[in-house]
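Contents: one structure, followed by commentary.
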Amino acid sequence: MPEDSSSNLPLPRLQIEVVSKRFGPTVALDGVSLEVGAGEVHALIGENGAGKSTLMKVLSGAHRLDAGSLTLDGRPFEPSDPLHARNCGVAMIYQELNLAPDLSVEENILLGREPATLGWISRGERRRLAKRALEEIGQTQMSLDTPIRSLTIAQQQLVEIARALVGEPRVLIMDEPTSSLTQLDTENLFCVIERMSQRGVSVIYISHFLEECQRVAGCYTVLRDGCSVGTGAMAETSLEQIIRLMVGREVDEIYPRTGRSVGEPVLELNSVAGLAKPSDVNLTLHAGEILGLFGLVGAGRTETLRAVFGLDRLAKGSVTVFSREETHSTPAKRLANGVGLLSENRKEEGLLLNRSIADNLTLTRLGAVSWLGFVSDSAQAAISGKWMARLDVKALRADQPVGELSGGNQQKIALGRLLHHDARILLLDEPTRGIDVGSKAQIYRLMYELAGQGKALVFVSSYLPELLGVCDHIGVMCRGELSKVRLVDDWSEQEIIRTAVGRAEPGEVAA
Amino acid sequence: MNLARLGSRDFLKAVRPFVGLFVVLLLFALDAELRSVIFKGGNFKTILTQTVIVAIGAMGMTMVIVSGGIDLSAGSVVALCSVVTARMIEQGHGLAAVLTLTVLAGGLVGLANGGIITAFRMMPFIVTLGMMGIARGISKWLANNQTVNPEEPLESVNSLMDNSQSPLTFFPLPDGVWLALGLAVVMAVVLRSTVFGRYVFAIGSNEDTARLCGIRVNFNKVVIYALAGAFFGLAGVMQFSRLTQGDPSVAIGLELQIIAAVVIGGASLSGGAGSIPGSVIGAFMMACLANGSGIKDWPNYMQEIIIGVVIILAVGMDKVEPMLQRFFRHGK
């Protein structure tokens, strides 16, 4: 793009114009535009799956864009990989820090950028560079020789920022930088961001926490379903307006809500807390009920399910299953009691990808297809065939490796395992993540059927419309705590989002 | 079409060790000198007898590797148990007692391996590397750092690996060969068709999933290592029978031969894949190569080079096959 000399306005530092990106049939970005000025702190806001991470990956060179253009200081910017992007002046600080824990602060700051003449690393030069980077963010008291391992998370993050600064970035992207920081560390981080902004570094700040965005950013852009739906100056916009922009969707017509009677309580959690998360969860699940758990990524929903299922240790509280208190348990015992968990992470945890469909379906209850410890291949195939037909799984044979199926079919197998097990309490963690709409609708229908048979379901999701469409009750988690669980009709979408971002009005949720 | 491709690929994978063995034998048959000797019944008996120790070790190792682990102490445990066998015979125990107690001794070492690995969540590589030294040390201690030759030999143990009866004919096979064949059949069924076998594959395929599915991962791992140790113990009895003495410094590096057999047999060191028939064929193939090299009077180093190449070829096929497939698909 040629420089526009006729304009009096200074060129924006970074210009993103109608950028699109698709992954197979999924459209992740659908014409996103956004401009960041020099020294501007720009908040990028959106729900989970709105396209923030994809956009950042396009900017940092991890993904190539399909359409649209990026312009950096008036020149076309086409990062081919993260290193290239960094050399062009676009640095990224990920939510999970990327530091070498055993190396010192100095070594980490200069990692990959060691100043060297003919391969000889000059020690004095190194210290000078590292010190200057730390000074720039006001961290003069940090020792250069401390190993990273012995620093707090907040300090590690500052080292990561210092490392980014060594490359003299023009744009710094920060993804959820405060998610693991205390209030004080967050304030400190904001001062550092302000300092960088004064030095002319543009910052793209991604956070779920709207008040932080309001506090630190000058401008904002809201993404929803891969589109930029609103942009403006922070000072001129209320949080309510932003929340409305984030939510503004129509509820799909794929939720065939049916009337059901809710029975006895089957699962009760009493002030349950894990080692890190959750910090306080109370809930009662009844037979025939679908209870939704909403929350942003990292709110502690998955950790709650894992702790209940006996995969992670409980720090305090009690768990009662079918009126018998059994707080500390193991997955084997929970399964024996009829509690099943569907992992949010199908590929890494949920399935044995290189094993057959039949093995994956029957693994928790091989007893049903074996005799004196010998597994009958034919019984296994017959039962698997039954579930595959029932769940409409598209596969060649029951002994095909599960890894060869599509995401939706894999998920049906993972769910099918709970059905074969005949679990009476189903803990479903993001059961519809990453699968096509058709499979989603089938899974919703299946959930209704199960609830109709008197089974109890906990449905964790980051996609609000499906929770509103499917659940009887909804609870919202924020920073490890669960709100009061309420009937779905007693919530408004705005209220749910407000609670999830930690901005519920006092008394509102407790009511 | 998709179905045919898939079926043929699974089939290929299962028969690959057999194909490898066939290729080796075919190459031997091309050479007139080898052909005239190697396929004689008596020589085949020798090859089978030479396969026994590695094959029995490989049965235990296959379980460990399929479950995603490794056991480097195998060679030392074989040496230890050959000494244990010798000491038992010295004390006048009979065949049944010698077999049972020696196998138990091996199982005990395996139990320690599995216990330490699961209790302290340590890497199997490290724990069994340590155990390799410990077991070797104990065997030297137990043997007073010299070979143990029982004054009154126990004929039933010595004959386990004795192939000197009618050296020119295939039958009768020594008892050790029959024992190994019988165990191979049993273990093949255990690993393929029992609930325990499925758990072994599940743990090796993805430990997190296994845990999620209520499999007692730690308990099963301890059982796996203990069972493997028992097999190494039995291999130790065979080792004694072969030399008719307990030798604390024997079987150095045997664990690598055993691992090679398992890997040639189609197992993956990252777990979740492997089979007993494959591993046994792998062991047999290595014995064939050794035997052939011996007949040709090739120096030992040639044999080592050949077996090294075979290992890389066998495992490399996994990577080469998809490349070939892609090549032909694009070629069409």
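By order in the structure tokens, chains are A, B, ...; within a chain, residues start at 1; ligands start at 1, following the order shown.
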task = Output the contact residues of chain A with respect to chain B at a cut-off of 7 Å, based on only C-alpha atoms, as a PyMOL selection string.
result = chain A and resi 331-332+335+349-352+354+363-364+366+373-375+396
Once you have the residues from the selection above, write them out as a short mmCIF file (atom, residue, chain, number, x, y, z; two decimals), in the first residue's frame, restricted to C-alpha atoms.
```cif
data_model
loop_
_atom_site.label_atom_id
_atom_site.label_comp_id
_atom_site.auth_asym_id
_atom_site.auth_seq_id
_atom_site.Cartn_x
_atom_site.Cartn_y
_atom_site.Cartn_z
CA PRO A 331 -12.31 -42.29 38.57
CA ALA A 332 -12.67 -46.07 38.98
CA LEU A 335 -17.52 -44.91 37.37
CA GLU A 349 -7.48 -37.11 27.06
CA GLY A 350 -10.87 -38.25 25.90
CA LEU A 351 -9.99 -40.97 23.43
CA LEU A 352 -7.38 -43.57 22.64
CA ASN A 354 -4.88 -45.25 17.81
CA LEU A 363 -13.28 -49.48 27.84
CA THR A 364 -15.00 -48.45 31.06
CA LEU A 366 -15.27 -54.29 29.32
CA GLY A 373 -11.39 -61.87 31.74
CA PHE A 374 -11.38 -62.75 28.04
CA VAL A 375 -12.76 -60.07 25.76
CA LEU A 396 -16.37 -47.99 8.27
#
```
So that I can see what lies close to Leu168 (chain B), please list as a PDB file with C-alpha atoms, in the first residue's frame the residues with an atom at most 8 Å from it, counting only C-alpha atoms and leaving out residues fewer than 5 positions away in the same chain.
```pdb
ATOM      1  CA  LYS B  40      18.783 -78.451   7.742  1.00  0.00           C
ATOM      2  CA  GLY B  41      16.602 -79.699  10.603  1.00  0.00           C
ATOM      3  CA  GLY B  42      19.467 -79.887  13.043  1.00  0.00           C
ATOM      4  CA  ASN B  43      20.567 -76.345  12.337  1.00  0.00           C
TER       5      ASN B  43
END
```
Find the residues of region 236-306 of chain B that sit at most 7 Å from region 132-156 of chain B; for each, write down the nearest two atoms and how far apart they are in Å, to one decimal. Count only C-alpha atoms. Sort by chain, then by number going up, and give it as a tab-separated table.
```
residue	atom	partner	partner_atom	distance
B:Gln245	CA	B:Asn149	CA	4.9
B:Gly246	CA	B:Val148	CA	4.8
B:Asp247	CA	B:Thr147	CA	4.6
B:Pro248	CA	B:Lys140	CA	5.1
```
Identify, with DSSP run on backbone atoms, the residues in region 118-154 of chain B assigned to helix (DSSP H, G or I), and express the list as a PDB file with N, CA and C atoms, in the first residue's frame.
```
ATOM      1  N   THR B 118       5.838 -46.054  39.827  1.00  0.00           N
ATOM      2  CA  THR B 118       4.513 -45.476  40.067  1.00  0.00           C
ATOM      3  C   THR B 118       4.471 -44.662  41.354  1.00  0.00           C
ATOM      4  N   ALA B 119       5.166 -45.126  42.407  1.00  0.00           N
ATOM      5  CA  ALA B 119       5.068 -44.416  43.681  1.00  0.00           C
ATOM      6  C   ALA B 119       5.708 -43.037  43.596  1.00  0.00           C
ATOM      7  N   PRO B 124      10.520 -44.570  33.729  1.00  0.00           N
ATOM      8  CA  PRO B 124      10.938 -45.974  33.698  1.00  0.00           C
ATOM      9  C   PRO B 124      12.389 -46.125  33.237  1.00  0.00           C
ATOM     10  N   PHE B 125      12.792 -45.295  32.305  1.00  0.00           N
ATOM     11  CA  PHE B 125      14.165 -45.377  31.793  1.00  0.00           C
ATOM     12  C   PHE B 125      15.161 -45.246  32.939  1.00  0.00           C
ATOM     13  N   ILE B 126      14.958 -44.239  33.788  1.00  0.00           N
ATOM     14  CA  ILE B 126      15.908 -43.967  34.874  1.00  0.00           C
ATOM     15  C   ILE B 126      15.863 -45.075  35.921  1.00  0.00           C
ATOM     16  N   VAL B 127      14.631 -45.418  36.337  1.00  0.00           N
ATOM     17  CA  VAL B 127      14.496 -46.413  37.410  1.00  0.00           C
ATOM     18  C   VAL B 127      15.125 -47.736  36.990  1.00  0.00           C
ATOM     19  N   THR B 128      14.825 -48.173  35.760  1.00  0.00           N
ATOM     20  CA  THR B 128      15.335 -49.484  35.347  1.00  0.00           C
ATOM     21  C   THR B 128      16.817 -49.396  34.987  1.00  0.00           C
ATOM     22  N   LEU B 129      17.289 -48.214  34.647  1.00  0.00           N
ATOM     23  CA  LEU B 129      18.738 -48.044  34.445  1.00  0.00           C
ATOM     24  C   LEU B 129      19.447 -48.254  35.780  1.00  0.00           C
ATOM     25  N   GLY B 130      18.869 -47.672  36.824  1.00  0.00           N
ATOM     26  CA  GLY B 130      19.424 -47.883  38.160  1.00  0.00           C
ATOM     27  C   GLY B 130      19.358 -49.344  38.545  1.00  0.00           C
ATOM     28  N   MET B 131      18.201 -49.953  38.272  1.00  0.00           N
ATOM     29  CA  MET B 131      18.003 -51.348  38.644  1.00  0.00           C
ATOM     30  C   MET B 131      18.963 -52.249  37.879  1.00  0.00           C
ATOM     31  N   MET B 132      19.336 -51.823  36.674  1.00  0.00           N
ATOM     32  CA  MET B 132      20.284 -52.587  35.873  1.00  0.00           C
ATOM     33  C   MET B 132      21.587 -52.750  36.661  1.00  0.00           C
ATOM     34  N   GLY B 133      22.044 -51.650  37.258  1.00  0.00           N
ATOM     35  CA  GLY B 133      23.263 -51.708  38.062  1.00  0.00           C
ATOM     36  C   GLY B 133      23.058 -52.509  39.334  1.00  0.00           C
ATOM     37  N   ILE B 134      21.903 -52.262  39.990  1.00  0.00           N
ATOM     38  CA  ILE B 134      21.645 -52.933  41.271  1.00  0.00           C
ATOM     39  C   ILE B 134      21.597 -54.445  41.071  1.00  0.00           C
ATOM     40  N   ALA B 135      20.837 -54.892  40.066  1.00  0.00           N
ATOM     41  CA  ALA B 135      20.674 -56.338  39.855  1.00  0.00           C
ATOM     42  C   ALA B 135      22.007 -56.970  39.465  1.00  0.00           C
ATOM     43  N   ARG B 136      22.775 -56.265  38.647  1.00  0.00           N
ATOM     44  CA  ARG B 136      24.083 -56.800  38.256  1.00  0.00           C
ATOM     45  C   ARG B 136      24.978 -56.930  39.488  1.00  0.00           C
ATOM     46  N   GLY B 137      24.942 -55.910  40.342  1.00  0.00           N
ATOM     47  CA  GLY B 137      25.753 -55.927  41.556  1.00  0.00           C
ATOM     48  C   GLY B 137      25.354 -57.082  42.461  1.00  0.00           C
ATOM     49  N   ILE B 138      24.034 -57.232  42.658  1.00  0.00           N
ATOM     50  CA  ILE B 138      23.574 -58.305  43.552  1.00  0.00           C
ATOM     51  C   ILE B 138      23.983 -59.659  43.003  1.00  0.00           C
ATOM     52  N   SER B 139      23.905 -59.822  41.671  1.00  0.00           N
ATOM     53  CA  SER B 139      24.240 -61.138  41.111  1.00  0.00           C
ATOM     54  C   SER B 139      25.724 -61.435  41.339  1.00  0.00           C
ATOM     55  N   LYS B 140      26.579 -60.419  41.247  1.00  0.00           N
ATOM     56  CA  LYS B 140      28.011 -60.652  41.489  1.00  0.00           C
ATOM     57  C   LYS B 140      28.259 -60.980  42.957  1.00  0.00           C
ATOM     58  N   TRP B 141      27.535 -60.267  43.826  1.00  0.00           N
ATOM     59  CA  TRP B 141      27.625 -60.491  45.263  1.00  0.00           C
ATOM     60  C   TRP B 141      27.224 -61.931  45.598  1.00  0.00           C
ATOM     61  N   LEU B 142      26.062 -62.292  45.066  1.00  0.00           N
ATOM     62  CA  LEU B 142      25.516 -63.625  45.325  1.00  0.00           C
ATOM     63  C   LEU B 142      26.450 -64.720  44.800  1.00  0.00           C
TER      64      LEU B 142
END
```
task = For CA of Leu189 (chain A) and CA of Glu211 (chain A), determine how far apart the two atoms are, in Å to one decimal place.
result =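 Computing the Euclidean distance for CA of Leu189 (chain A) and CA of Glu211 (chain A) yields 14.6 Å.
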request  = Go ahead and compute the interatomic distance for CA of Glu264 (chain A) and CA of Ala287 (chain A), in Å to one decimal.
outcome  =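 Going from CA of Glu264 (chain A) over to CA of Ala287 (chain A) covers 5.6 Å.
Take CA of Arg170 (chain A) and CA of Val90 (chain A): the distance between them is 6.1 Å.
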message = I'd like the contact shell of Asp318 (chain B) - 10 Å cut-off, only C-alpha atoms, skipping same-chain residues fewer than 4 positions apart - returned as an MDAnalysis selection string.
response = chainID B and resid 13 266 268 313:314 322:323
task = Can you pull out every residue within 6 Å of region 227-244 of chain A, counting only C-alpha atoms, but drop anything in the same chain fewer than 3 positions away, and send it as a PyMOL selection string?
result = chain A and resi 30-32+218-224+247-248
Okay, now the selection with N, CA and C atoms, as an mmCIF file, in the first residue's frame?
```cif
data_model
loop_
_atom_site.group_PDB
_atom_site.id
_atom_site.type_symbol
_atom_site.label_atom_id
_atom_site.label_comp_id
_atom_site.auth_asym_id
_atom_site.auth_seq_id
_atom_site.Cartn_x
_atom_site.Cartn_y
_atom_site.Cartn_z
ATOM 1 N N ASP A 30 -13.992 -13.480 9.685
ATOM 2 C CA ASP A 30 -14.836 -13.202 8.540
ATOM 3 C C ASP A 30 -14.862 -11.697 8.288
ATOM 4 N N GLY A 31 -13.775 -11.172 7.778
ATOM 5 C CA GLY A 31 -13.733 -9.758 7.466
ATOM 6 C C GLY A 31 -13.533 -8.865 8.687
ATOM 7 N N VAL A 32 -12.437 -9.108 9.396
ATOM 8 C CA VAL A 32 -12.133 -8.294 10.580
ATOM 9 C C VAL A 32 -11.288 -7.096 10.175
ATOM 10 N N GLY A 218 -7.158 2.693 25.460
ATOM 11 C CA GLY A 218 -7.744 3.915 24.920
ATOM 12 C C GLY A 218 -8.891 3.588 23.983
ATOM 13 N N CYS A 219 -8.699 2.584 23.166
ATOM 14 C CA CYS A 219 -9.719 2.200 22.205
ATOM 15 C C CYS A 219 -10.041 0.720 22.367
ATOM 16 N N TYR A 220 -11.152 0.296 21.746
ATOM 17 C CA TYR A 220 -11.505 -1.116 21.831
ATOM 18 C C TYR A 220 -12.066 -1.560 20.499
ATOM 19 N N THR A 221 -11.999 -2.847 20.276
ATOM 20 C CA THR A 221 -12.713 -3.476 19.164
ATOM 21 C C THR A 221 -13.359 -4.733 19.719
ATOM 22 N N VAL A 222 -14.624 -4.935 19.383
ATOM 23 C CA VAL A 222 -15.317 -6.144 19.834
ATOM 24 C C VAL A 222 -15.416 -7.115 18.668
ATOM 25 N N LEU A 223 -15.006 -8.338 18.902
ATOM 26 C CA LEU A 223 -15.164 -9.389 17.899
ATOM 27 C C LEU A 223 -16.325 -10.290 18.316
ATOM 28 N N ARG A 224 -17.093 -10.705 17.326
ATOM 29 C CA ARG A 224 -18.129 -11.697 17.610
ATOM 30 C C ARG A 224 -18.280 -12.604 16.398
ATOM 31 N N VAL A 247 -22.674 -9.962 23.067
ATOM 32 C CA VAL A 247 -23.732 -10.973 23.114
ATOM 33 C C VAL A 247 -24.531 -11.037 21.822
ATOM 34 N N GLY A 248 -24.975 -9.881 21.348
ATOM 35 C CA GLY A 248 -25.965 -9.704 20.297
ATOM 36 C C GLY A 248 -26.130 -10.808 19.266
#
```
query = Which residue gives the smallest distance to Ala154 (chain A) among A:Gly385, A:Pro177, A:Gly403, A:Gly51, with only C-alpha atoms counted?
reply =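 When distances to Ala154 (chain A) are compared using only C-alpha atoms, the smallest one comes from A:Pro177.
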key: Shell around Thr46 (chain B) at 12 Å using only C-alpha atoms, local window under 3 positions removed, as a PyMOL selection string   = chain B and resi 37-43+49-52+161-174+176-177+242+284+287-288+290-292+294
request  = Identify which of the residues B:Gly229, B:Gly92, B:Gly115, B:Gly274 lies closest to Asp71 (chain B), counting only C-alpha atoms when measuring atom-to-atom distances.
outcome  =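 Of the candidates, the smallest distance to Asp71 (chain B) is held by B:Gly229.
The smallest atom-to-atom distance between Trp178 (chain B) and any of B:Ile56, B:Leu101, B:Val19, B:Leu27, using only C-alpha atoms, is found for B:Ile56.
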